[in-house]
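Next comes entry-v4.tsv, a file with TSV, C-alpha atoms.
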chain	number	residue	atom	x	y	z
A	1	MET	CA	-17.20	-12.20	-2.32
A	2	GLU	CA	-20.49	-10.95	-3.73
A	3	LEU	CA	-19.99	-8.76	-6.76
A	4	PHE	CA	-22.12	-6.00	-8.11
A	5	GLY	CA	-21.76	-4.73	-11.62
A	6	PHE	CA	-19.71	-6.42	-14.31
A	7	GLY	CA	-16.71	-7.54	-12.27
A	8	PRO	CA	-13.52	-6.73	-10.37
A	9	HIS	CA	-10.51	-4.99	-11.89
A	10	LEU	CA	-7.45	-5.49	-9.68
A	11	MET	CA	-4.43	-3.30	-10.40
A	12	VAL	CA	-1.14	-3.98	-8.64
A	13	ASP	CA	1.93	-1.74	-8.58
A	14	GLY	CA	4.89	-3.76	-7.27
A	15	TYR	CA	8.05	-2.09	-5.97
A	16	ASP	CA	11.50	-3.36	-4.98
A	17	ALA	CA	11.02	-6.55	-7.01
A	18	ASN	CA	13.85	-8.84	-8.13
A	19	PRO	CA	15.20	-7.31	-11.39
A	20	GLU	CA	16.36	-10.65	-12.78
A	21	LYS	CA	12.89	-12.10	-12.38
A	22	LEU	CA	11.40	-8.99	-13.98
A	23	ARG	CA	13.67	-9.53	-17.03
A	24	ASP	CA	12.70	-13.19	-17.34
A	25	ALA	CA	10.21	-13.40	-20.24
A	26	GLU	CA	9.76	-17.15	-19.70
A	27	LEU	CA	8.81	-16.56	-16.05
A	28	VAL	CA	6.25	-13.92	-17.06
A	29	ARG	CA	4.88	-16.32	-19.70
A	30	ARG	CA	4.63	-19.13	-17.13
A	31	VAL	CA	2.82	-16.93	-14.60
A	32	LEU	CA	0.34	-15.82	-17.28
A	33	ASP	CA	-0.10	-19.42	-18.38
A	34	GLU	CA	-0.76	-20.80	-14.87
A	35	LEU	CA	-2.67	-17.97	-13.22
A	36	PRO	CA	-6.01	-18.38	-15.07
A	37	GLU	CA	-6.42	-22.00	-13.98
A	38	GLU	CA	-5.37	-21.15	-10.42
A	39	MET	CA	-8.04	-18.42	-10.43
A	40	GLU	CA	-10.62	-20.84	-11.91
A	41	MET	CA	-10.74	-18.80	-15.12
A	42	THR	CA	-10.79	-19.96	-18.74
A	43	LYS	CA	-7.71	-19.26	-20.87
A	44	VAL	CA	-8.82	-18.45	-24.43
A	45	LEU	CA	-5.37	-18.13	-26.04
A	46	PRO	CA	-1.83	-18.84	-24.88
A	47	PRO	CA	-0.05	-15.85	-23.30
A	48	PHE	CA	1.63	-13.33	-25.59
A	49	VAL	CA	4.90	-12.04	-24.13
A	50	TYR	CA	7.23	-9.40	-25.57
A	51	SER	CA	10.72	-8.48	-24.28
A	52	TYR	CA	12.02	-4.99	-24.93
A	53	GLY	CA	15.33	-3.25	-24.30
A	54	PRO	CA	18.19	-3.37	-23.31
A	55	GLU	CA	18.51	0.17	-24.73
A	56	GLY	CA	16.52	2.47	-22.49
A	57	GLU	CA	14.23	0.66	-20.06
A	58	ASP	CA	14.40	-3.08	-20.57
A	59	GLY	CA	11.59	-5.33	-19.46
A	60	VAL	CA	8.76	-7.61	-20.40
A	61	THR	CA	5.12	-7.06	-21.33
A	62	GLY	CA	2.72	-9.97	-21.36
A	63	VAL	CA	-0.98	-10.57	-21.62
A	64	VAL	CA	-3.30	-13.55	-21.56
A	65	ILE	CA	-6.87	-13.34	-22.77
A	66	ILE	CA	-9.32	-15.21	-20.57
A	67	ALA	CA	-12.99	-15.81	-21.30
A	68	GLU	CA	-13.70	-13.65	-18.27
A	69	SER	CA	-11.48	-10.77	-19.63
A	70	HIS	CA	-7.65	-10.47	-19.34
A	71	ILE	CA	-4.50	-10.50	-17.22
A	72	ALA	CA	-1.54	-8.23	-18.12
A	73	ILE	CA	1.94	-7.85	-16.64
A	74	HIS	CA	4.42	-5.04	-17.45
A	75	THR	CA	7.91	-5.13	-15.89
A	76	PHE	CA	10.60	-2.46	-15.50
A	77	PRO	CA	13.70	-4.21	-14.09
A	78	LYS	CA	15.94	-1.12	-13.89
A	79	LYS	CA	13.34	0.50	-11.64
A	80	ARG	CA	12.53	-2.82	-9.86
A	81	PHE	CA	8.86	-2.12	-10.66
A	82	LEU	CA	6.02	-4.05	-12.23
A	83	SER	CA	2.42	-3.26	-13.05
A	84	ILE	CA	-0.27	-5.95	-13.16
A	85	ASP	CA	-3.91	-5.75	-14.29
A	86	ILE	CA	-6.45	-8.48	-13.69
A	87	PHE	CA	-9.93	-7.81	-15.00
A	88	SER	CA	-12.65	-10.44	-14.73
A	89	CYS	CA	-16.41	-10.71	-14.93
A	90	LYS	CA	-16.35	-13.09	-11.95
A	91	ALA	CA	-14.93	-12.93	-8.45
A	92	PHE	CA	-11.52	-14.40	-7.63
A	93	ASP	CA	-9.35	-14.77	-4.53
A	94	MET	CA	-7.33	-11.55	-4.65
A	95	ALA	CA	-5.27	-12.42	-1.57
A	96	GLN	CA	-4.17	-15.70	-3.15
A	97	VAL	CA	-3.20	-13.92	-6.38
A	98	LEU	CA	-1.22	-11.29	-4.47
A	99	ARG	CA	0.63	-13.97	-2.46
A	100	LYS	CA	1.63	-15.77	-5.66
A	101	LEU	CA	2.77	-12.63	-7.50
A	102	THR	CA	4.68	-11.33	-4.47
A	103	ALA	CA	6.51	-14.65	-4.08
A	104	VAL	CA	7.24	-15.22	-7.78
A	105	PHE	CA	8.63	-11.75	-8.51
A	106	GLU	CA	10.01	-11.23	-4.98
A	107	ILE	CA	8.07	-7.98	-4.61
A	108	GLY	CA	9.24	-5.91	-1.63
A	109	ARG	CA	6.08	-3.87	-1.30
A	110	TYR	CA	3.00	-3.23	-3.39
A	111	GLU	CA	-0.02	-1.01	-3.77
A	112	THR	CA	-3.35	-2.35	-4.96
A	113	TYR	CA	-6.31	-0.66	-6.53
A	114	MET	CA	-9.57	-2.52	-6.98
A	115	ILE	CA	-12.61	-1.20	-8.73
A	116	ASN	CA	-15.85	-2.87	-9.66
A	117	ARG	CA	-16.32	-2.24	-13.37
A	118	GLY	CA	-19.77	-1.60	-14.84
A	119	LYS	CA	-21.44	-0.84	-11.53
A	120	GLU	CA	-24.84	-0.68	-13.21
A	121	PHE	CA	-24.33	-3.85	-15.28
A	122	PRO	CA	-27.12	-6.22	-14.23
A	123	LYS	CA	-26.08	-9.80	-13.49
A	124	ASP	CA	-29.70	-10.92	-13.35
A	125	PRO	CA	-31.11	-11.52	-16.87
A	126	GLU	CA	-34.67	-10.79	-15.69
A	127	LEU	CA	-33.55	-7.48	-14.20
A	128	ALA	CA	-31.69	-6.66	-17.44
A	129	ARG	CA	-34.87	-7.41	-19.43
A	130	LYS	CA	-36.93	-5.11	-17.20
A	131	ILE	CA	-34.36	-2.30	-17.54
A	132	VAL	CA	-34.34	-2.60	-21.35
A	133	LEU	CA	-38.14	-2.74	-21.56
A	134	GLY	CA	-38.41	0.29	-19.28
A	135	GLU	CA	-35.96	2.25	-21.42
A	136	ARG	CA	-37.88	1.29	-24.58
A	137	GLU	CA	-41.18	2.45	-23.05
A	138	TYR	CA	-39.59	5.74	-22.00
A	139	LEU	CA	-38.13	6.33	-25.48
A	140	GLU	CA	-41.37	5.40	-27.24
A	141	ALA	CA	-43.29	7.84	-25.01
A	142	ARG	CA	-40.81	10.63	-25.79
A	143	VAL	CA	-40.86	9.98	-29.54
A	144	SER	CA	-44.65	9.81	-29.88
Could I get this structure in the form of structure tokens?
Amino acid sequence: MELFGFGPHLMVDGYDANPEKLRDAELVRRVLDELPEEMEMTKVLPPFVYSYGPEGEDGVTGVVIIAESHIAIHTFPKKRFLSIDIFSCKAFDMAQVLRKLTAVFEIGRYETYMINRGKEFPKDPELARKIVLGEREYLEARVS
């Protein structure tokens, strides 16, 4: 997939997922640990995972920082819901990621939202240089 701008931000809302899997902090940690390599991304730090509850809404929140940006998972077992964010400065196989997440958490149905972040972010260094030089010329003309 050809990208424009900085990169894709995939957001997934998963419904009717397996509540036991959503409560499993080790499973969330493992997914966050394995997913970057499967997506051909570079893990910068090990995943950080936090379990909360059981008072109120129990669940798990986890994040892994990748050189390309981050992956975050937030689970809500009592509601059988999870929210996932994957933001990267390079393209990845979204269908493959969705298949894995759906299988691992036994998601019944999901909604996805994908936006290209930084639509005006130039990937071409020469184009970026021309944009910066043009802005400098414009500012210098306005100031003088």
Phe105 (chain A) environment, 7 Å, all atoms listed in the file, sequence neighbours closer than 3 positions dropped, as a PDB file with C-alpha atoms, keeping the file's coordinate frame:
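See part23.pdb below for the written result:
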ATOM      1  CA  ALA A  17      11.020  -6.550  -7.010  1.00  0.00           C
ATOM      2  CA  ASN A  18      13.850  -8.840  -8.130  1.00  0.00           C
ATOM      3  CA  LYS A  21      12.890 -12.100 -12.380  1.00  0.00           C
ATOM      4  CA  LEU A  22      11.400  -8.990 -13.980  1.00  0.00           C
ATOM      5  CA  LEU A 101       2.770 -12.630  -7.500  1.00  0.00           C
ATOM      6  CA  THR A 102       4.680 -11.330  -4.470  1.00  0.00           C
TER       7      THR A 102
END
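Going from CA of Gln96 (chain A) to CA of Asp58 (chain A) covers 28.4 Å.
You will find CA of Cys89 (chain A) at 21.4 Å from CA of Asp13 (chain A).
Comparing A:Glu38, A:Glu57, A:Glu106, A:Glu111 by their smallest distance to Phe92 (chain A), the closest is A:Glu38 (using all atoms listed in the file).
Atom pair CA of Tyr52 (chain A) / CA of Glu20 (chain A) has a distance of 14.1 Å (rounded to one decimal).
The closest residue to Val44 (chain A), picked from A:Ala95, A:Leu32, A:Val104, A:Val64 and counting all atoms listed in the file, is A:Val64.
When all atoms listed in the file are used to compute distances to His9 (chain A), the closest of the residues A:Ala72, A:Met94, A:Val60, A:Met114 turns out to be A:Met114.
Closest to Val97 (chain A) among A:Asn116, A:Pro19, A:Tyr110, A:Leu35 is A:Leu35, based on all atoms listed in the file.
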In file coordinates, which residues lie within 8 Å of (-12.3, -12.4, -18.5) using only C-alpha atoms, given as number ranges by chain?
-> A: 41-42, 65-70, 87-90
Any chance you could export the current selection's C-alpha atoms as a PDB file, in the coordinates of the input?
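What follows is the written file result.pdb:
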ATOM      1  CA  MET A  41     -10.740 -18.800 -15.120  1.00  0.00           C
ATOM      2  CA  THR A  42     -10.790 -19.960 -18.740  1.00  0.00           C
ATOM      3  CA  ILE A  65      -6.870 -13.340 -22.770  1.00  0.00           C
ATOM      4  CA  ILE A  66      -9.320 -15.210 -20.570  1.00  0.00           C
ATOM      5  CA  ALA A  67     -12.990 -15.810 -21.300  1.00  0.00           C
ATOM      6  CA  GLU A  68     -13.700 -13.650 -18.270  1.00  0.00           C
ATOM      7  CA  SER A  69     -11.480 -10.770 -19.630  1.00  0.00           C
ATOM      8  CA  HIS A  70      -7.650 -10.470 -19.340  1.00  0.00           C
ATOM      9  CA  PHE A  87      -9.930  -7.810 -15.000  1.00  0.00           C
ATOM     10  CA  SER A  88     -12.650 -10.440 -14.730  1.00  0.00           C
ATOM     11  CA  CYS A  89     -16.410 -10.710 -14.930  1.00  0.00           C
ATOM     12  CA  LYS A  90     -16.350 -13.090 -11.950  1.00  0.00           C
TER      13      LYS A  90
END
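In terms of minimum interatomic distance to Tyr50 (chain A), A:Glu26 ranks closest within A:Asp85, A:Asp33, A:Glu26, A:Glu137, counting all atoms listed in the file.
Comparing A:Met39, A:Leu45, A:Leu27, A:Ile107 by their smallest distance to Asp93 (chain A), the closest is A:Met39 (using all atoms listed in the file).
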Which residues come within 9 Å of Ile115 (chain A), counting only C-alpha atoms, excluding same-chain residues fewer than 6 positions away, as a ChimeraX atom specification?
-> /A:7-11
Using all atoms listed in the file, which residues sit within 6 Å of Thr61 (chain A) once same-chain residues fewer than 3 positions away are excluded, as a PyMOL selection string?
-> chain A and resi 49-50+73-74
Restricted to C-alpha atoms, what would the selected residues look like written as a JSON list (two decimals), keeping the file's coordinate frame?
[["chain", "number", "residue", "atom", "x", "y", "z"],
["A", 49, "VAL", "CA", 4.90, -12.04, -24.13],
["A", 50, "TYR", "CA", 7.23, -9.40, -25.57],
["A", 73, "ILE", "CA", 1.94, -7.85, -16.64],
["A", 74, "HIS", "CA", 4.42, -5.04, -17.45]]
Please complete region 36-65 of chain A so it has N, CA and C atoms, and hand it over as a PDB file, keeping the file's coordinate frame.
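Listing of selection.pdb after writing:
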ATOM      1  N   PRO A  36      -4.563 -18.198 -14.820  1.00  0.00           N
ATOM      2  CA  PRO A  36      -6.010 -18.380 -15.070  1.00  0.00           C
ATOM      3  C   PRO A  36      -6.586 -19.641 -14.434  1.00  0.00           C
ATOM      4  N   GLU A  37      -5.904 -20.765 -14.570  1.00  0.00           N
ATOM      5  CA  GLU A  37      -6.420 -22.000 -13.980  1.00  0.00           C
ATOM      6  C   GLU A  37      -6.449 -21.902 -12.457  1.00  0.00           C
ATOM      7  N   GLU A  38      -5.411 -21.311 -11.875  1.00  0.00           N
ATOM      8  CA  GLU A  38      -5.370 -21.150 -10.420  1.00  0.00           C
ATOM      9  C   GLU A  38      -6.506 -20.258  -9.922  1.00  0.00           C
ATOM     10  N   MET A  39      -6.951 -19.332 -10.781  1.00  0.00           N
ATOM     11  CA  MET A  39      -8.040 -18.420 -10.430  1.00  0.00           C
ATOM     12  C   MET A  39      -9.405 -18.971 -10.858  1.00  0.00           C
ATOM     13  N   GLU A  40      -9.406 -20.207 -11.399  1.00  0.00           N
ATOM     14  CA  GLU A  40     -10.620 -20.840 -11.910  1.00  0.00           C
ATOM     15  C   GLU A  40     -11.233 -20.024 -13.046  1.00  0.00           C
ATOM     16  N   MET A  41     -10.350 -19.546 -13.926  1.00  0.00           N
ATOM     17  CA  MET A  41     -10.740 -18.800 -15.120  1.00  0.00           C
ATOM     18  C   MET A  41     -10.457 -19.660 -16.346  1.00  0.00           C
ATOM     19  N   THR A  42     -10.912 -19.206 -17.501  1.00  0.00           N
ATOM     20  CA  THR A  42     -10.790 -19.960 -18.740  1.00  0.00           C
ATOM     21  C   THR A  42      -9.846 -19.247 -19.704  1.00  0.00           C
ATOM     22  N   LYS A  43      -8.676 -19.837 -19.935  1.00  0.00           N
ATOM     23  CA  LYS A  43      -7.710 -19.260 -20.870  1.00  0.00           C
ATOM     24  C   LYS A  43      -8.227 -19.470 -22.291  1.00  0.00           C
ATOM     25  N   VAL A  44      -8.323 -18.386 -23.063  1.00  0.00           N
ATOM     26  CA  VAL A  44      -8.820 -18.450 -24.430  1.00  0.00           C
ATOM     27  C   VAL A  44      -7.675 -18.698 -25.415  1.00  0.00           C
ATOM     28  N   LEU A  45      -6.564 -18.022 -25.189  1.00  0.00           N
ATOM     29  CA  LEU A  45      -5.370 -18.130 -26.040  1.00  0.00           C
ATOM     30  C   LEU A  45      -4.155 -18.270 -25.145  1.00  0.00           C
ATOM     31  N   PRO A  46      -3.065 -18.815 -25.669  1.00  0.00           N
ATOM     32  CA  PRO A  46      -1.830 -18.840 -24.880  1.00  0.00           C
ATOM     33  C   PRO A  46      -1.352 -17.402 -24.623  1.00  0.00           C
ATOM     34  N   PRO A  47      -0.556 -17.198 -23.584  1.00  0.00           N
ATOM     35  CA  PRO A  47      -0.050 -15.850 -23.300  1.00  0.00           C
ATOM     36  C   PRO A  47       0.801 -15.324 -24.452  1.00  0.00           C
ATOM     37  N   PHE A  48       0.729 -14.018 -24.659  1.00  0.00           N
ATOM     38  CA  PHE A  48       1.630 -13.330 -25.590  1.00  0.00           C
ATOM     39  C   PHE A  48       2.582 -12.511 -24.741  1.00  0.00           C
ATOM     40  N   VAL A  49       3.888 -12.724 -24.939  1.00  0.00           N
ATOM     41  CA  VAL A  49       4.900 -12.040 -24.130  1.00  0.00           C
ATOM     42  C   VAL A  49       5.915 -11.398 -25.066  1.00  0.00           C
ATOM     43  N   TYR A  50       6.279 -10.160 -24.757  1.00  0.00           N
ATOM     44  CA  TYR A  50       7.230  -9.400 -25.570  1.00  0.00           C
ATOM     45  C   TYR A  50       8.311  -8.828 -24.657  1.00  0.00           C
ATOM     46  N   SER A  51       9.586  -9.069 -25.013  1.00  0.00           N
ATOM     47  CA  SER A  51      10.720  -8.480 -24.280  1.00  0.00           C
ATOM     48  C   SER A  51      11.201  -7.258 -25.021  1.00  0.00           C
ATOM     49  N   TYR A  52      11.503  -6.198 -24.306  1.00  0.00           N
ATOM     50  CA  TYR A  52      12.020  -4.990 -24.930  1.00  0.00           C
ATOM     51  C   TYR A  52      13.291  -4.556 -24.227  1.00  0.00           C
ATOM     52  N   GLY A  53      14.046  -3.683 -24.844  1.00  0.00           N
ATOM     53  CA  GLY A  53      15.330  -3.250 -24.300  1.00  0.00           C
ATOM     54  C   GLY A  53      16.438  -4.008 -24.972  1.00  0.00           C
ATOM     55  N   PRO A  54      17.684  -3.979 -24.539  1.00  0.00           N
ATOM     56  CA  PRO A  54      18.190  -3.370 -23.310  1.00  0.00           C
ATOM     57  C   PRO A  54      18.446  -1.866 -23.419  1.00  0.00           C
ATOM     58  N   GLU A  55      18.359  -1.287 -24.648  1.00  0.00           N
ATOM     59  CA  GLU A  55      18.510   0.170 -24.730  1.00  0.00           C
ATOM     60  C   GLU A  55      17.329   0.795 -23.986  1.00  0.00           C
ATOM     61  N   GLY A  56      17.595   1.846 -23.250  1.00  0.00           N
ATOM     62  CA  GLY A  56      16.520   2.470 -22.490  1.00  0.00           C
ATOM     63  C   GLY A  56      16.071   1.560 -21.359  1.00  0.00           C
ATOM     64  N   GLU A  57      14.792   1.495 -21.136  1.00  0.00           N
ATOM     65  CA  GLU A  57      14.230   0.660 -20.060  1.00  0.00           C
ATOM     66  C   GLU A  57      13.947  -0.725 -20.607  1.00  0.00           C
ATOM     67  N   ASP A  58      14.685  -1.713 -20.130  1.00  0.00           N
ATOM     68  CA  ASP A  58      14.400  -3.080 -20.570  1.00  0.00           C
ATOM     69  C   ASP A  58      13.253  -3.637 -19.745  1.00  0.00           C
ATOM     70  N   GLY A  59      12.679  -4.715 -20.209  1.00  0.00           N
ATOM     71  CA  GLY A  59      11.590  -5.330 -19.460  1.00  0.00           C
ATOM     72  C   GLY A  59      10.771  -6.260 -20.314  1.00  0.00           C
ATOM     73  N   VAL A  60       9.637  -6.638 -19.768  1.00  0.00           N
ATOM     74  CA  VAL A  60       8.760  -7.610 -20.400  1.00  0.00           C
ATOM     75  C   VAL A  60       7.325  -7.115 -20.285  1.00  0.00           C
ATOM     76  N   THR A  61       6.564  -7.299 -21.351  1.00  0.00           N
ATOM     77  CA  THR A  61       5.120  -7.060 -21.330  1.00  0.00           C
ATOM     78  C   THR A  61       4.447  -8.346 -21.753  1.00  0.00           C
ATOM     79  N   GLY A  62       3.439  -8.750 -21.016  1.00  0.00           N
ATOM     80  CA  GLY A  62       2.720  -9.970 -21.360  1.00  0.00           C
ATOM     81  C   GLY A  62       1.249  -9.842 -21.054  1.00  0.00           C
ATOM     82  N   VAL A  63       0.463 -10.571 -21.836  1.00  0.00           N
ATOM     83  CA  VAL A  63      -0.980 -10.570 -21.620  1.00  0.00           C
ATOM     84  C   VAL A  63      -1.528 -11.947 -21.954  1.00  0.00           C
ATOM     85  N   VAL A  64      -2.552 -12.331 -21.220  1.00  0.00           N
ATOM     86  CA  VAL A  64      -3.300 -13.550 -21.560  1.00  0.00           C
ATOM     87  C   VAL A  64      -4.775 -13.157 -21.575  1.00  0.00           C
ATOM     88  N   ILE A  65      -5.438 -13.596 -22.640  1.00  0.00           N
ATOM     89  CA  ILE A  65      -6.870 -13.340 -22.770  1.00  0.00           C
ATOM     90  C   ILE A  65      -7.593 -14.521 -22.110  1.00  0.00           C
TER      91      ILE A  65
END
